[in-house]
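The file my_file21.txt comes next; it holds compact mmCIF, C-alpha atoms.
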```
# COMPACT_ATOMS: atom_id res chain seq x y z
CA MET A 1 -14.45 -29.15 6.69
CA ARG A 2 -14.30 -25.87 8.56
CA PRO A 3 -11.32 -25.52 10.89
CA GLU A 4 -11.98 -24.47 14.47
CA SER A 5 -12.03 -20.70 14.48
CA ASP A 6 -13.86 -17.67 15.78
CA ASP A 7 -16.00 -16.62 12.85
CA GLY A 8 -15.12 -19.13 10.17
CA ILE A 9 -12.50 -17.09 8.36
CA GLY A 10 -10.14 -16.60 11.29
CA ASP A 11 -7.79 -19.50 10.53
CA TRP A 12 -7.51 -18.52 6.91
CA LEU A 13 -6.72 -14.92 7.88
CA ARG A 14 -4.09 -16.07 10.38
CA ARG A 15 -2.36 -18.10 7.68
CA ARG A 16 -2.45 -15.16 5.27
CA ARG A 17 -1.00 -12.87 7.96
CA MET A 18 1.89 -15.27 8.50
CA ALA A 19 2.76 -15.73 4.81
CA ASP A 20 6.55 -15.71 4.53
CA VAL A 21 8.43 -13.60 2.05
CA PRO A 22 10.15 -15.87 -0.50
CA GLU A 23 13.79 -16.42 0.43
CA GLY A 24 16.20 -14.03 -1.25
CA PHE A 25 13.45 -11.61 -2.23
CA ALA A 26 15.39 -8.49 -1.18
CA ASP A 27 18.44 -9.60 -3.22
CA ARG A 28 16.32 -10.16 -6.32
CA ALA A 29 14.51 -6.83 -5.87
CA MET A 30 17.83 -4.97 -5.56
CA ASP A 31 19.27 -6.86 -8.58
CA GLU A 32 16.22 -5.78 -10.57
CA ILE A 33 16.76 -2.15 -9.55
CA HIS A 34 20.44 -2.25 -10.51
CA ARG A 35 19.73 -4.13 -13.75
CA SER A 36 17.04 -1.63 -14.80
CA GLY A 37 19.60 1.17 -14.60
CA ALA A 38 16.81 3.28 -13.10
CA GLU A 39 17.54 6.48 -11.25
CA PRO A 40 15.12 8.24 -8.92
CA ALA A 41 13.30 10.66 -11.26
CA PRO A 42 13.89 14.36 -10.69
CA ARG A 43 11.13 16.17 -8.81
CA PRO A 44 8.74 17.76 -11.33
CA PRO A 45 8.74 21.57 -11.44
CA ARG A 46 6.50 23.36 -8.91
CA TRP A 47 3.97 24.56 -11.53
CA GLU A 48 3.60 21.01 -12.85
CA ARG A 49 2.88 19.66 -9.36
CA LEU A 50 0.38 22.45 -8.76
CA ALA A 51 -1.38 21.75 -12.08
CA GLU A 52 -1.50 18.03 -11.27
CA ALA A 53 -2.98 18.71 -7.84
CA VAL A 54 -5.60 21.07 -9.29
CA PHE A 55 -6.65 18.77 -12.12
CA SER A 56 -6.73 15.68 -9.94
CA SER A 57 -9.69 17.06 -8.00
CA ARG A 58 -13.14 15.94 -9.14
CA LEU A 59 -14.53 19.45 -8.95
CA ALA A 60 -11.81 20.85 -11.22
CA ARG A 61 -12.38 18.05 -13.72
CA ALA A 62 -16.13 18.66 -13.71
CA ALA A 63 -15.55 22.41 -14.23
CA ALA A 64 -13.17 21.72 -17.13
CA ILE A 65 -15.70 19.38 -18.78
CA ALA A 66 -18.49 21.92 -18.30
CA ALA A 67 -16.31 24.68 -19.78
CA ALA A 68 -15.40 22.52 -22.76
CA ALA A 69 -19.07 21.65 -23.28
CA GLY A 70 -19.99 25.34 -23.01
CA ILE A 71 -17.38 26.32 -25.61
CA GLY A 72 -18.66 23.57 -27.91
CA PHE A 73 -22.24 24.75 -27.53
CA ALA A 74 -21.23 28.37 -28.22
CA ARG A 75 -19.43 27.26 -31.38
CA ILE A 76 -22.51 25.41 -32.62
CA LEU A 77 -24.63 28.50 -31.99
CA MET A 78 -22.10 30.66 -33.87
CA ILE A 79 -22.03 28.29 -36.85
CA LEU A 80 -25.83 28.13 -36.90
CA SER A 81 -26.17 31.92 -36.74
CA LEU A 82 -23.62 32.32 -39.57
CA ALA A 83 -25.44 29.71 -41.64
CA LEU A 84 -28.80 31.36 -41.09
CA ALA A 85 -27.55 34.91 -41.66
CA MET B 86 10.34 7.68 10.71
CA ASP B 87 13.45 9.89 10.96
CA GLU B 88 15.58 6.87 10.19
CA ILE B 89 13.49 6.17 7.08
CA LEU B 90 13.73 9.79 5.95
CA GLU B 91 17.49 9.61 6.35
CA ILE B 92 17.55 6.51 4.13
CA VAL B 93 15.36 8.28 1.55
CA ARG B 94 17.76 11.24 1.60
CA ARG B 95 20.73 8.93 1.06
CA VAL B 96 19.07 7.20 -1.90
CA LEU B 97 18.14 10.52 -3.47
CA GLY B 98 21.71 11.66 -2.90
CA GLY B 99 22.91 8.85 -5.18
CA ASP B 100 23.41 5.92 -2.75
CA ALA B 101 21.25 3.35 -4.58
CA ASP B 102 22.32 0.53 -2.23
CA ALA B 103 20.75 2.37 0.71
CA PHE B 104 17.41 1.46 -0.83
CA ARG B 105 17.99 -2.13 0.34
CA ALA B 106 17.11 -1.03 3.88
CA ILE B 107 13.68 0.09 2.60
CA VAL B 108 13.18 -3.21 0.74
CA GLU B 109 14.17 -5.23 3.80
CA ARG B 110 11.97 -3.27 6.14
CA TYR B 111 8.81 -3.36 4.00
CA GLN B 112 9.18 -6.59 2.01
CA GLY B 113 7.00 -8.54 4.46
CA PRO B 114 3.96 -6.26 4.42
CA ILE B 115 4.23 -5.60 0.67
CA TRP B 116 4.60 -9.30 -0.05
CA ARG B 117 1.59 -10.27 2.08
CA VAL B 118 -0.62 -7.64 0.46
CA THR B 119 0.39 -8.49 -3.11
CA ALA B 120 0.11 -12.24 -2.45
CA ALA B 121 -3.41 -11.84 -1.04
CA LEU B 122 -4.47 -9.49 -3.83
CA VAL B 123 -3.20 -11.53 -6.79
CA GLY B 124 -3.64 -15.01 -5.24
CA ASP B 125 -0.55 -16.46 -6.90
CA ARG B 126 2.93 -16.66 -5.32
CA HIS B 127 4.95 -16.23 -8.52
CA LEU B 128 2.88 -13.33 -9.78
CA ALA B 129 2.94 -11.79 -6.30
CA GLU B 130 6.74 -11.82 -6.31
CA ASP B 131 6.81 -10.05 -9.68
CA VAL B 132 4.30 -7.47 -8.43
CA ALA B 133 6.21 -6.91 -5.18
CA GLN B 134 9.47 -6.43 -7.13
CA GLU B 135 7.80 -4.00 -9.53
CA THR B 136 6.44 -2.11 -6.52
CA PHE B 137 9.94 -1.54 -5.13
CA LEU B 138 11.33 -0.66 -8.56
CA GLU B 139 8.62 1.94 -9.09
CA ALA B 140 9.08 3.26 -5.55
CA TYR B 141 12.80 3.66 -6.28
CA ARG B 142 12.12 5.49 -9.53
CA LYS B 143 9.50 7.77 -8.01
CA LEU B 144 11.13 8.20 -4.62
CA ARG B 145 11.47 11.95 -5.14
CA THR B 146 7.70 12.29 -5.35
CA PHE B 147 7.26 10.76 -1.87
CA ASP B 148 6.22 13.58 0.44
CA PRO B 149 6.55 12.80 4.18
CA ALA B 150 4.26 15.75 4.91
CA ILE B 151 1.40 13.88 3.22
CA GLY B 152 1.87 10.43 4.76
CA ARG B 153 4.14 7.62 5.83
CA LEU B 154 6.44 5.79 3.43
CA SER B 155 4.55 2.56 4.14
CA THR B 156 1.25 4.16 3.07
CA TRP B 157 2.90 5.36 -0.13
CA LEU B 158 4.34 1.90 -0.82
CA PHE B 159 1.00 0.19 -0.11
CA ALA B 160 -0.69 2.50 -2.63
CA ILE B 161 1.82 1.52 -5.34
CA ALA B 162 1.53 -2.19 -4.47
CA ARG B 163 -2.27 -2.04 -4.40
CA ASN B 164 -2.48 -0.51 -7.90
CA LYS B 165 0.07 -2.89 -9.38
CA ALA B 166 -1.56 -5.94 -7.79
CA ILE B 167 -5.02 -4.97 -9.04
CA ASP B 168 -3.67 -4.47 -12.58
CA ALA B 169 -1.93 -7.86 -12.44
CA HIS B 170 -5.06 -9.55 -11.09
CA ARG B 171 -7.17 -8.08 -13.92
CA LYS B 172 -4.71 -9.36 -16.52
CA LYS B 173 -4.67 -12.76 -14.82
CA ARG B 174 -8.47 -12.90 -14.90
CA ALA B 175 -8.36 -12.08 -18.63
CA SER B 176 -5.98 -14.99 -19.29
CA PRO B 177 -6.39 -17.42 -16.38
CA VAL B 178 -3.53 -19.69 -15.44
CA GLU B 179 -3.64 -22.67 -13.13
CA ARG B 180 -3.64 -21.65 -9.48
CA LEU B 181 -0.63 -22.67 -7.47
CA PRO B 182 -1.34 -23.83 -3.93
CA ASP B 183 0.50 -21.94 -1.20
CA ARG B 184 1.78 -25.13 0.38
CA ALA B 185 1.99 -28.71 -0.67
CA THR B 186 -0.75 -30.85 0.82
CA VAL B 187 0.16 -34.08 2.58
CA ALA B 188 -1.01 -36.95 0.45
CA GLY B 189 -3.32 -39.32 2.30
CA ALA B 190 -4.05 -36.95 5.15
CA ASP B 191 -7.77 -36.41 4.61
CA ALA B 192 -8.15 -33.76 7.28
CA ASP B 193 -5.26 -31.72 5.86
CA LEU B 194 -6.61 -32.09 2.37
CA ALA B 195 -10.08 -30.94 3.40
CA ARG B 196 -8.54 -28.03 5.25
CA GLU B 197 -6.54 -27.03 2.17
CA GLU B 198 -9.69 -27.18 0.05
CA TRP B 199 -11.47 -25.00 2.57
CA MET B 200 -8.60 -22.47 2.52
CA GLU B 201 -8.52 -22.49 -1.28
CA ALA B 202 -12.28 -21.87 -1.38
CA LEU B 203 -11.68 -18.72 0.66
CA ASP B 204 -8.78 -17.69 -1.60
CA ARG B 205 -11.06 -18.05 -4.62
CA ALA B 206 -13.84 -16.10 -2.90
CA LEU B 207 -11.37 -13.33 -2.09
CA GLY B 208 -10.18 -13.27 -5.71
CA ASP B 209 -13.78 -12.92 -6.89
CA LEU B 210 -14.46 -9.79 -4.82
CA PRO B 211 -14.57 -6.47 -6.71
CA ASP B 212 -11.13 -4.79 -6.71
CA PRO B 213 -11.80 -1.91 -4.26
CA MET B 214 -13.57 -4.27 -1.84
CA ARG B 215 -10.76 -6.84 -2.02
CA ALA B 216 -8.07 -4.20 -1.53
CA ALA B 217 -9.78 -2.62 1.49
CA PHE B 218 -10.37 -6.03 3.09
CA VAL B 219 -6.77 -7.20 2.56
CA LEU B 220 -5.25 -3.96 3.87
CA ALA B 221 -7.48 -4.03 6.97
CA GLU B 222 -7.71 -7.70 7.84
CA ILE B 223 -4.36 -9.08 6.66
CA GLU B 224 -2.08 -6.10 7.17
CA GLY B 225 -4.02 -4.51 10.03
CA LEU B 226 -4.02 -0.98 8.62
CA SER B 227 -6.35 1.61 10.13
CA TYR B 228 -9.45 2.61 8.18
CA GLU B 229 -8.04 6.15 7.93
CA GLU B 230 -4.85 4.88 6.30
CA ILE B 231 -6.84 2.67 3.92
CA ALA B 232 -9.01 5.65 2.97
CA ARG B 233 -5.84 7.56 2.02
CA ILE B 234 -4.51 4.63 -0.04
CA GLU B 235 -7.85 4.01 -1.75
CA GLY B 236 -8.66 7.69 -2.23
CA ALA B 237 -12.07 6.94 -0.72
CA ARG B 238 -14.12 8.24 2.19
CA LEU B 239 -13.89 6.58 5.58
CA GLY B 240 -17.52 5.43 5.43
CA THR B 241 -16.94 3.90 2.00
CA VAL B 242 -13.93 1.95 3.28
CA ARG B 243 -15.89 0.72 6.30
CA SER B 244 -18.75 -0.40 4.08
CA ARG B 245 -16.42 -2.15 1.61
CA ILE B 246 -14.77 -4.15 4.39
CA HIS B 247 -18.13 -5.06 5.92
CA ARG B 248 -19.51 -6.23 2.55
CA ALA B 249 -16.31 -8.16 1.81
CA LYS B 250 -16.72 -10.11 5.08
CA GLU B 251 -20.34 -10.84 4.28
CA ARG B 252 -19.46 -12.11 0.82
CA LEU B 253 -16.65 -14.31 2.14
CA ARG B 254 -18.95 -15.84 4.76
CA ALA B 255 -21.60 -16.44 2.09
CA ALA B 256 -18.99 -18.11 -0.15
CA LEU B 257 -18.00 -20.31 2.80
CA ARG B 258 -21.58 -21.34 3.38
CA ARG B 259 -21.96 -22.25 -0.30
CA PHE B 260 -18.71 -24.24 -0.15
CA GLU B 261 -19.82 -26.13 2.97
CA GLU B 262 -23.24 -26.88 1.51
CA GLY B 263 -21.57 -28.21 -1.61
CA GLU B 264 -19.18 -30.26 0.50
CA ASP B 265 -22.05 -31.69 2.57
CA ALA B 266 -23.93 -32.58 -0.58
CA THR B 267 -20.87 -34.40 -1.91
CA ARG B 268 -20.47 -36.32 1.36
CA LYS B 269 -24.14 -37.40 1.44
CA ARG B 270 -23.91 -38.87 -2.08
```
As structure tokens, how would this structure be written, given the file I've shared?
Amino acid sequence: MRPESDDGIGDWLRRRRMADVPEGFADRAMDEIHRSGAEPAPRPPRWERLAEAVFSSRLARAAAIAAAAGIGFARILMILSLALA
Amino acid sequence: MDEILEIVRRVLGGDADAFRAIVERYQGPIWRVTAALVGDRHLAEDVAQETFLEAYRKLRTFDPAIGRLSTWLFAIARNKAIDAHRKKRASPVERLPDRATVAGADADLAREEWMEALDRALGDLPDPMRAAFVLAEIEGLSYEEIARIEGARLGTVRSRIHRAKERLRAALRRFEEGEDATRKR
């Protein structure tokens, strides 16, 4: 039985949008933080952040893979040339 | 925003209790997103708690120049909820209804079944499609903000949300056809 709604999923969406946070959630979340003994981690050094930013890009990853493949291929050629010499 | 940055500064300065203001401000949106993404109230509470714990631990990596704190929190919640949902799919547990149904009230019962059919259909969507749909349609985030959270292009986000709606409507049609068939028997 479909409830009266605009496009069929409207009522369901409205209910989802109104979902209440369980009572006492903030207290439990703060207890968990205190219990874990966690501290905000120190900011990583600048070079580490830069390296992470560089290597998180798809282009940089593709270049690194291509370079690694190129080095591998060069090694094979070198071994083959030594073996055939 | 300035008020939030002041709270972040206080937490980073060693005032752990100041973090409560962040939890209280964002618990609603984070809870709604995790609940919709994992489809289970108990698991959603765990995921929402883990989200705030991780946010607390990694607070120093939050960069207001890149985006809002809410966007950063949604990204953590989204990843945690998707991981939890994958684990749940690998070892399924019985679904818990969001609300108790009123025994004997046929209309209410049918309505609950209809709602649960949509919950199941949402849970069956591929992760990126489900996340984009939930962030847009339940939390009302802009497509630009969702693209930042998802690390996807704007067009991709738009297409994911469109396909999610199509799939949900198709699931509804299948559910109604099945329901009609049951009634005719």
Atom CA of B:Val123 to atom CA of A:Arg15, distance in Å rounded to a single decimal: 15.9 Å
Can you tell me, as a count of residues only, what residues are no more than 9 Å from B:Phe104 when counting all atoms listed in the file, ignoring any on the same chain fewer than 6 positions away? 6
Could you please select, counting all atoms listed in the file, the residues of chain B within 7 Å of chain A and state them as a list in words? Leu97, Arg105, Val108, Glu109, Gly113, Trp116, Arg117, Gln134, Leu138, Tyr141, Arg142, Lys143, Leu144, Arg145, Thr146, Ala195, Arg196, Trp199, Met200, Ile223 and Glu224 of chain B
Between B:Val132, B:Ala237, B:Ile151, B:Leu194, which has the minimum distance to B:His170 (counting only C-alpha atoms)? B:Val132
In file coordinates, which residues lie within 10 Å of (7.4, 0.8, 3.1) using all atoms listed in the file, given as a list in words?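 Final list of nearby residues, as requested, is Ile89, Ala106, Ile107, Val108, Glu109, Arg110, Tyr111, Gln112, Gly113, Pro114, Ile115, Phe137, Ala140, Arg153, Leu154, Ser155, Thr156, Trp157, Leu158 and Phe159 of chain B.
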Please measure the separation of atom CA of B:Lys250 and atom CA of B:Arg233, giving the value in Å to one decimal.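 Going from atom CA of B:Lys250 over to atom CA of B:Arg233 covers 21.0 Å.
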In Å, how far is it from atom CA of B:Ala103 to atom CA of B:Asp87?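 Distance reported for this atom pair: 14.7 Å.
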